[in-house]
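*Asks:* Structure file final-v3.csv (CSV, C-alpha atoms) is given on the next line.
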```
chain,number,residue,atom,x,y,z
G,17,MET,CA,-68.7,-73.6,-8.9
G,18,ASN,CA,-71.3,-71.9,-10.9
G,19,PRO,CA,-70.0,-70.4,-14.2
G,20,SER,CA,-71.9,-67.6,-15.8
G,21,GLN,CA,-73.9,-68.1,-19.0
G,22,LEU,CA,-71.3,-66.3,-21.0
G,23,VAL,CA,-68.5,-68.5,-19.8
G,24,GLN,CA,-70.6,-71.6,-20.4
G,25,THR,CA,-71.3,-70.5,-24.0
G,26,ALA,CA,-67.6,-69.9,-24.6
G,27,ALA,CA,-66.8,-73.3,-23.1
G,28,GLY,CA,-69.3,-74.9,-25.5
G,29,ALA,CA,-67.7,-73.1,-28.5
G,30,ALA,CA,-64.3,-74.2,-27.3
G,31,LEU,CA,-65.4,-77.8,-27.0
G,32,VAL,CA,-66.7,-77.8,-30.6
G,33,LEU,CA,-63.4,-76.2,-31.9
G,34,LEU,CA,-61.3,-78.6,-29.9
G,35,ALA,CA,-63.2,-81.7,-31.1
G,36,LEU,CA,-62.7,-80.5,-34.6
G,37,GLY,CA,-59.0,-80.0,-33.9
G,38,ILE,CA,-58.7,-83.5,-32.5
G,39,LEU,CA,-60.3,-84.9,-35.7
G,40,VAL,CA,-58.0,-82.8,-38.0
G,41,ALA,CA,-54.9,-83.9,-36.0
G,42,GLY,CA,-56.2,-87.5,-36.4
G,43,ILE,CA,-55.6,-87.1,-40.2
G,44,ARG,CA,-51.9,-86.9,-39.5
G,45,LEU,CA,-52.1,-89.8,-37.1
G,46,VAL,CA,-53.6,-92.0,-39.9
G,47,ARG,CA,-51.4,-90.8,-42.7
G,48,GLY,CA,-48.0,-90.9,-41.0
G,49,PRO,CA,-45.8,-91.7,-42.9
G,50,ASP,CA,-43.2,-92.4,-40.2
G,51,ALA,CA,-44.0,-93.6,-36.7
G,52,ALA,CA,-42.3,-90.3,-35.6
G,53,ASP,CA,-45.0,-88.3,-37.5
G,54,ARG,CA,-47.7,-90.3,-35.6
G,55,ILE,CA,-46.0,-89.6,-32.3
G,56,VAL,CA,-46.1,-85.8,-33.0
G,57,ALA,CA,-49.8,-86.2,-33.9
G,58,MET,CA,-50.5,-88.2,-30.8
G,59,ASP,CA,-48.6,-85.6,-28.6
G,60,LEU,CA,-50.8,-82.8,-30.0
G,61,ILE,CA,-54.0,-84.8,-29.6
G,62,SER,CA,-53.2,-85.5,-26.0
G,63,ILE,CA,-52.6,-81.8,-25.4
G,64,LEU,CA,-55.9,-81.1,-27.1
G,65,ILE,CA,-57.6,-83.6,-24.9
G,66,VAL,CA,-56.2,-81.9,-21.8
G,67,ALA,CA,-57.7,-78.6,-23.1
G,68,PHE,CA,-60.9,-80.4,-23.9
G,69,LEU,CA,-61.3,-81.8,-20.4
G,70,ALA,CA,-60.5,-78.3,-18.9
G,71,ALA,CA,-63.3,-76.7,-21.1
G,72,LEU,CA,-65.6,-79.7,-20.1
G,73,SER,CA,-65.1,-79.0,-16.4
G,74,VAL,CA,-66.3,-75.4,-17.0
G,75,ARG,CA,-69.2,-76.5,-19.3
G,76,THR,CA,-70.5,-79.2,-16.9
G,77,GLY,CA,-69.6,-77.4,-13.7
G,78,HIS,CA,-67.8,-80.4,-12.3
G,79,PRO,CA,-64.4,-79.4,-10.9
G,80,ALA,CA,-63.4,-83.0,-10.7
G,81,VAL,CA,-63.0,-83.1,-14.5
G,82,LEU,CA,-60.1,-80.7,-14.1
G,83,ASP,CA,-58.3,-83.3,-12.0
G,84,VAL,CA,-58.8,-85.8,-14.8
G,85,ALA,CA,-57.2,-83.3,-17.2
G,86,ILE,CA,-54.1,-83.0,-14.9
G,87,ALA,CA,-53.8,-86.8,-14.4
G,88,TYR,CA,-54.2,-87.3,-18.2
G,89,ALA,CA,-51.5,-84.7,-18.9
G,90,LEU,CA,-49.1,-86.6,-16.6
G,91,VAL,CA,-49.7,-89.9,-18.3
G,92,ALA,CA,-49.7,-88.5,-21.8
G,93,PHE,CA,-46.2,-86.9,-21.2
G,94,LEU,CA,-44.8,-90.3,-20.1
G,95,GLY,CA,-46.4,-91.9,-23.2
G,96,THR,CA,-44.8,-89.4,-25.6
G,97,VAL,CA,-41.4,-89.8,-24.0
G,98,ALA,CA,-41.6,-93.6,-24.1
G,99,LEU,CA,-42.7,-93.7,-27.7
G,100,ALA,CA,-40.0,-91.2,-28.8
G,101,ARG,CA,-37.3,-93.2,-27.1
G,102,TRP,CA,-38.7,-96.4,-28.6
G,103,ARG,CA,-38.6,-95.0,-32.1
G,104,GLN,CA,-35.0,-93.9,-31.6
G,105,ARG,CA,-33.8,-97.2,-30.3
G,106,GLN,CA,-35.6,-99.0,-33.1
G,107,ALA,CA,-33.8,-96.9,-35.6
G,108,ALA,CA,-30.4,-97.6,-33.9
G,109,ALA,CA,-31.1,-101.3,-33.9
G,110,GLU,CA,-32.1,-101.2,-37.6
G,111,LYS,CA,-28.8,-99.5,-38.5
G,112,ARG,CA,-26.8,-101.9,-36.4
G,113,GLU,CA,-28.3,-104.9,-38.2
G,114,ALA,CA,-28.0,-103.4,-41.8
G,115,PRO,CA,-25.3,-100.8,-42.1
P,1,MET,CA,-65.5,-58.6,-15.9
P,2,SER,CA,-63.5,-61.7,-15.2
P,3,ASP,CA,-66.2,-63.7,-16.9
P,4,VAL,CA,-65.7,-61.7,-20.2
P,5,LEU,CA,-61.9,-62.2,-19.9
P,6,ALA,CA,-62.4,-66.0,-19.3
P,7,ALA,CA,-64.7,-66.3,-22.2
P,8,VAL,CA,-62.4,-64.5,-24.6
P,9,LEU,CA,-59.4,-66.5,-23.4
P,10,MET,CA,-61.3,-69.8,-23.8
P,11,VAL,CA,-62.3,-69.1,-27.4
P,12,ALA,CA,-58.9,-67.7,-28.3
P,13,GLY,CA,-57.2,-70.8,-26.8
P,14,ALA,CA,-59.6,-73.1,-28.8
P,15,VAL,CA,-58.8,-71.2,-32.0
P,16,PHE,CA,-55.0,-71.6,-31.4
P,17,ALA,CA,-55.5,-75.3,-30.7
P,18,LEU,CA,-57.4,-75.7,-34.0
P,19,VAL,CA,-54.7,-73.8,-35.9
P,20,ALA,CA,-52.1,-76.2,-34.3
P,21,ALA,CA,-54.2,-79.2,-35.5
P,22,VAL,CA,-54.5,-77.8,-39.0
P,23,GLY,CA,-50.7,-77.2,-39.0
P,24,VAL,CA,-49.9,-80.7,-38.0
P,25,ALA,CA,-52.2,-82.0,-40.7
P,26,ARG,CA,-51.0,-79.8,-43.5
P,27,LEU,CA,-47.3,-78.7,-43.0
P,28,PRO,CA,-44.7,-80.4,-45.2
P,29,ASP,CA,-42.3,-82.3,-42.9
P,30,LEU,CA,-42.0,-83.6,-39.4
P,31,LEU,CA,-39.7,-80.9,-38.0
P,32,ILE,CA,-41.9,-78.1,-39.4
P,33,ARG,CA,-45.0,-79.8,-38.1
P,34,MET,CA,-43.5,-79.9,-34.6
P,35,HIS,CA,-43.6,-76.0,-34.6
P,36,ALA,CA,-47.4,-76.2,-34.9
P,37,ALA,CA,-47.8,-79.1,-32.5
P,38,THR,CA,-45.7,-77.9,-29.6
P,39,LYS,CA,-46.0,-74.1,-29.7
P,40,ALA,CA,-49.5,-73.4,-30.9
P,41,GLY,CA,-50.8,-76.5,-29.2
P,42,THR,CA,-49.3,-75.6,-25.8
P,43,LEU,CA,-50.4,-72.0,-26.1
P,44,GLY,CA,-54.0,-73.0,-26.9
P,45,ALA,CA,-54.2,-75.5,-24.0
P,46,GLY,CA,-52.5,-72.9,-21.7
P,47,LEU,CA,-55.0,-70.2,-22.6
P,48,ILE,CA,-58.0,-72.5,-21.9
P,49,LEU,CA,-56.5,-73.5,-18.6
P,50,LEU,CA,-55.9,-69.9,-17.8
P,51,ALA,CA,-59.6,-69.2,-18.5
P,52,VAL,CA,-60.5,-72.0,-16.1
P,53,ALA,CA,-58.2,-70.5,-13.5
P,54,ILE,CA,-59.7,-67.0,-13.9
P,55,GLN,CA,-63.4,-68.0,-13.8
P,56,GLY,CA,-62.9,-70.5,-10.9
P,57,ALA,CA,-64.6,-69.3,-7.7
P,58,GLU,CA,-62.7,-71.5,-5.4
P,59,THR,CA,-59.0,-71.0,-4.7
P,60,GLY,CA,-58.3,-74.7,-5.0
P,61,LEU,CA,-59.7,-74.8,-8.5
P,62,THR,CA,-57.6,-71.8,-9.6
P,63,LEU,CA,-54.5,-73.3,-8.1
P,64,ARG,CA,-55.1,-76.6,-9.8
P,65,ALA,CA,-55.6,-74.9,-13.2
P,66,LEU,CA,-52.3,-72.9,-12.7
P,67,ALA,CA,-50.5,-76.1,-11.7
P,68,ALA,CA,-51.7,-77.7,-14.9
P,69,ILE,CA,-50.4,-74.8,-16.9
P,70,PHE,CA,-47.0,-75.0,-15.1
P,71,PHE,CA,-46.9,-78.7,-15.8
P,72,LEU,CA,-47.8,-78.3,-19.5
P,73,LEU,CA,-45.0,-75.6,-19.9
P,74,LEU,CA,-42.6,-77.9,-18.2
P,75,THR,CA,-43.2,-81.0,-20.2
P,76,ALA,CA,-43.9,-79.7,-23.7
P,77,PRO,CA,-40.3,-78.7,-24.5
P,78,VAL,CA,-39.0,-82.0,-23.1
P,79,SER,CA,-41.3,-84.1,-25.3
P,80,ALA,CA,-40.7,-81.9,-28.3
P,81,HIS,CA,-36.9,-82.2,-27.8
P,82,LEU,CA,-37.2,-86.0,-27.6
P,83,ILE,CA,-39.4,-86.4,-30.6
P,84,GLY,CA,-37.2,-84.0,-32.7
P,85,ARG,CA,-34.0,-85.9,-31.6
P,86,ALA,CA,-35.5,-89.3,-32.4
P,87,ALA,CA,-36.8,-88.0,-35.8
P,88,TYR,CA,-33.4,-86.6,-36.8
P,89,ARG,CA,-31.6,-89.8,-35.8
P,90,VAL,CA,-34.2,-91.9,-37.6
P,91,GLY,CA,-33.4,-89.8,-40.6
P,92,VAL,CA,-36.9,-88.6,-41.6
P,93,ARG,CA,-37.1,-87.0,-45.0
P,94,LEU,CA,-36.9,-83.2,-44.9
P,95,TRP,CA,-39.0,-80.9,-46.9
P,96,GLU,CA,-37.7,-80.5,-50.5
P,97,ARG,CA,-37.3,-76.8,-50.0
P,98,THR,CA,-35.2,-77.1,-46.8
P,99,ARG,CA,-31.8,-75.5,-47.5
P,100,VAL,CA,-30.0,-75.5,-44.2
P,101,ASP,CA,-29.1,-78.5,-42.0
P,102,GLU,CA,-27.2,-76.9,-39.2
P,103,PHE,CA,-26.3,-80.1,-37.4
P,104,GLU,CA,-24.7,-81.6,-40.5
P,105,THR,CA,-22.7,-78.4,-41.0
P,106,TYR,CA,-21.7,-78.4,-37.4
P,107,CYS,CA,-20.6,-82.0,-37.7
P,108,ARG,CA,-18.5,-81.5,-40.8
P,109,GLU,CA,-16.8,-78.3,-39.4
P,110,THR,CA,-16.0,-79.6,-36.0
P,111,GLY,CA,-15.4,-83.3,-36.9
P,112,ARG,CA,-17.6,-84.4,-34.1
P,113,CYS,CA,-19.6,-86.7,-36.3
P,114,GLU,CA,-17.3,-89.6,-35.3
P,115,ALA,CA,-18.5,-89.7,-31.7
P,116,TRP,CA,-22.0,-89.4,-32.9
P,117,ARG,CA,-21.6,-92.2,-35.4
P,118,GLN,CA,-19.9,-94.5,-32.9
P,119,GLU,CA,-22.6,-94.0,-30.4
P,120,PHE,CA,-25.2,-95.1,-32.9
P,121,GLN,CA,-22.9,-97.5,-34.8
P,122,ILE,CA,-23.5,-95.9,-38.1
P,123,LYS,CA,-20.8,-96.6,-40.7
P,124,SER,CA,-21.8,-94.5,-43.7
P,125,ASP,CA,-22.6,-90.9,-44.3
P,126,ASP,CA,-26.2,-91.9,-45.0
P,127,ALA,CA,-27.6,-90.8,-41.7
P,128,PHE,CA,-26.8,-87.2,-42.4
P,129,VAL,CA,-27.8,-86.8,-46.0
P,130,LYS,CA,-31.6,-86.7,-46.0
P,131,ASN,CA,-32.0,-83.8,-48.3
P,132,PRO,CA,-29.8,-83.2,-51.4
P,133,ASN,CA,-30.5,-79.5,-51.2
P,134,CYS,CA,-28.6,-79.2,-47.9
P,135,HIS,CA,-25.1,-78.8,-49.2
P,136,PRO,CA,-22.4,-77.9,-46.6
P,137,GLU,CA,-21.3,-74.8,-48.5
P,138,ARG,CA,-24.8,-73.5,-48.9
P,139,SER,CA,-25.6,-74.1,-45.2
P,140,GLU,CA,-22.4,-72.4,-44.2
P,141,GLY,CA,-23.3,-69.3,-46.3
P,142,SER,CA,-26.7,-69.1,-44.8
P,143,LEU,CA,-25.4,-69.5,-41.3
P,144,ARG,CA,-22.9,-66.7,-41.7
P,145,LYS,CA,-25.6,-64.4,-43.1
P,146,THR,CA,-27.7,-64.9,-40.0
P,147,LYS,CA,-24.8,-63.9,-37.8
```
Hey, can you dump this file as structure tokens for me?

*Replies:*
Amino acid sequence: MNPSQLVQTAAGAALVLLALGILVAGIRLVRGPDAADRIVAMDLISILIVAFLAALSVRTGHPAVLDVAIAYALVAFLGTVALARWRQRQAAAEKREAP
Amino acid sequence: MSDVLAAVLMVAGAVFALVAAVGVARLPDLLIRMHAATKAGTLGAGLILLAVAIQGAETGLTLRALAAIFFLLLTAPVSAHLIGRAAYRVGVRLWERTRVDEFETYCRETGRCEAWRQEFQIKSDDAFVKNPNCHPERSEGSLRKTK
């Protein structure tokens, strides 16, 4: 794999924009206010990390980084599902205890 | 030629991803924020992966990038659905200018709230009323107008 200069430059620009995006989404991760808001922010951040890894595989020229992106996407999806279900169960438990 | 296309797709995808992040940080309530997170975010990541697929010299690389896009498109709606469902059942506060709560209207009109309430063992109406602006009458009117 030997990406051209143009594609490498574009990948570099994409990496900068994606890093900025991860930081901006981090604002919502910190501010919340509900855990569900943080789950949304974390879901977006993991999607952005997948895109970041894909751009990184072009920038560095290591195709193996793309495999990391795929594996991370699989794990992040499971994490989001688990967190969303956890929040829902927690709410149901709260309502059972204090109707 | 494919290099130019890949470069354009990559930058466009990154811009979409950044817009999604700004949306998640700035939009007023959770359900509105999810529009930015799941739609713009998936589109941005998908465009970048498409750029990787286009510029890849080896077939294996292209196929892996396409598989990643497929997987992303498969999982994004599922996780969005689960988060939205959890958020609604938690009773997150809606935006003050939200006027229509279709699920509440549906529940009141069909009387299916009972099963829902029993499932989650909720005794009062509290779980539904998260926004005083969402009156059943007003929601009904808005729904009819859209038909």

*Asks:* Of the candidates P:Ala25, P:Ala51, P:Ala40, P:Arg85, which one gets nearest to Pro49 in chain G if we count only C-alpha atoms?

*Replies:* P:Ala25

*Asks:* Rounded to one decimal, what separation in Å do you get between CA of Val40 in chain G and CA of Leu64 in chain G?

*Replies:* 11.2 Å

*Asks:* Return as a list in words the residues belonging to chain G that are within 6 Å of chain P, counting only C-alpha atoms.

*Replies:*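 So the residues of chain G near chain P are Val23, Ala26, Ala30, Leu33, Leu34, Gly37, Val40, Ala41, Arg44, Ala52, Asp53, Leu60, Ala67, Ile86, Val97, Ala100, Gln104, Ala107 and Ala108 of chain G.
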
*Asks:* Quick one, how far is CA of Val84 in chain G from CA of Ser62 in chain G?

*Replies:*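 Answer for the CA of Val84 in chain G to CA of Ser62 in chain G separation: 12.5 Å.
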
*Asks:* To one decimal in Å, tell me the separation between CA of Val74 in chain G and CA of Ala27 in chain G.

*Replies:* 6.5 Å
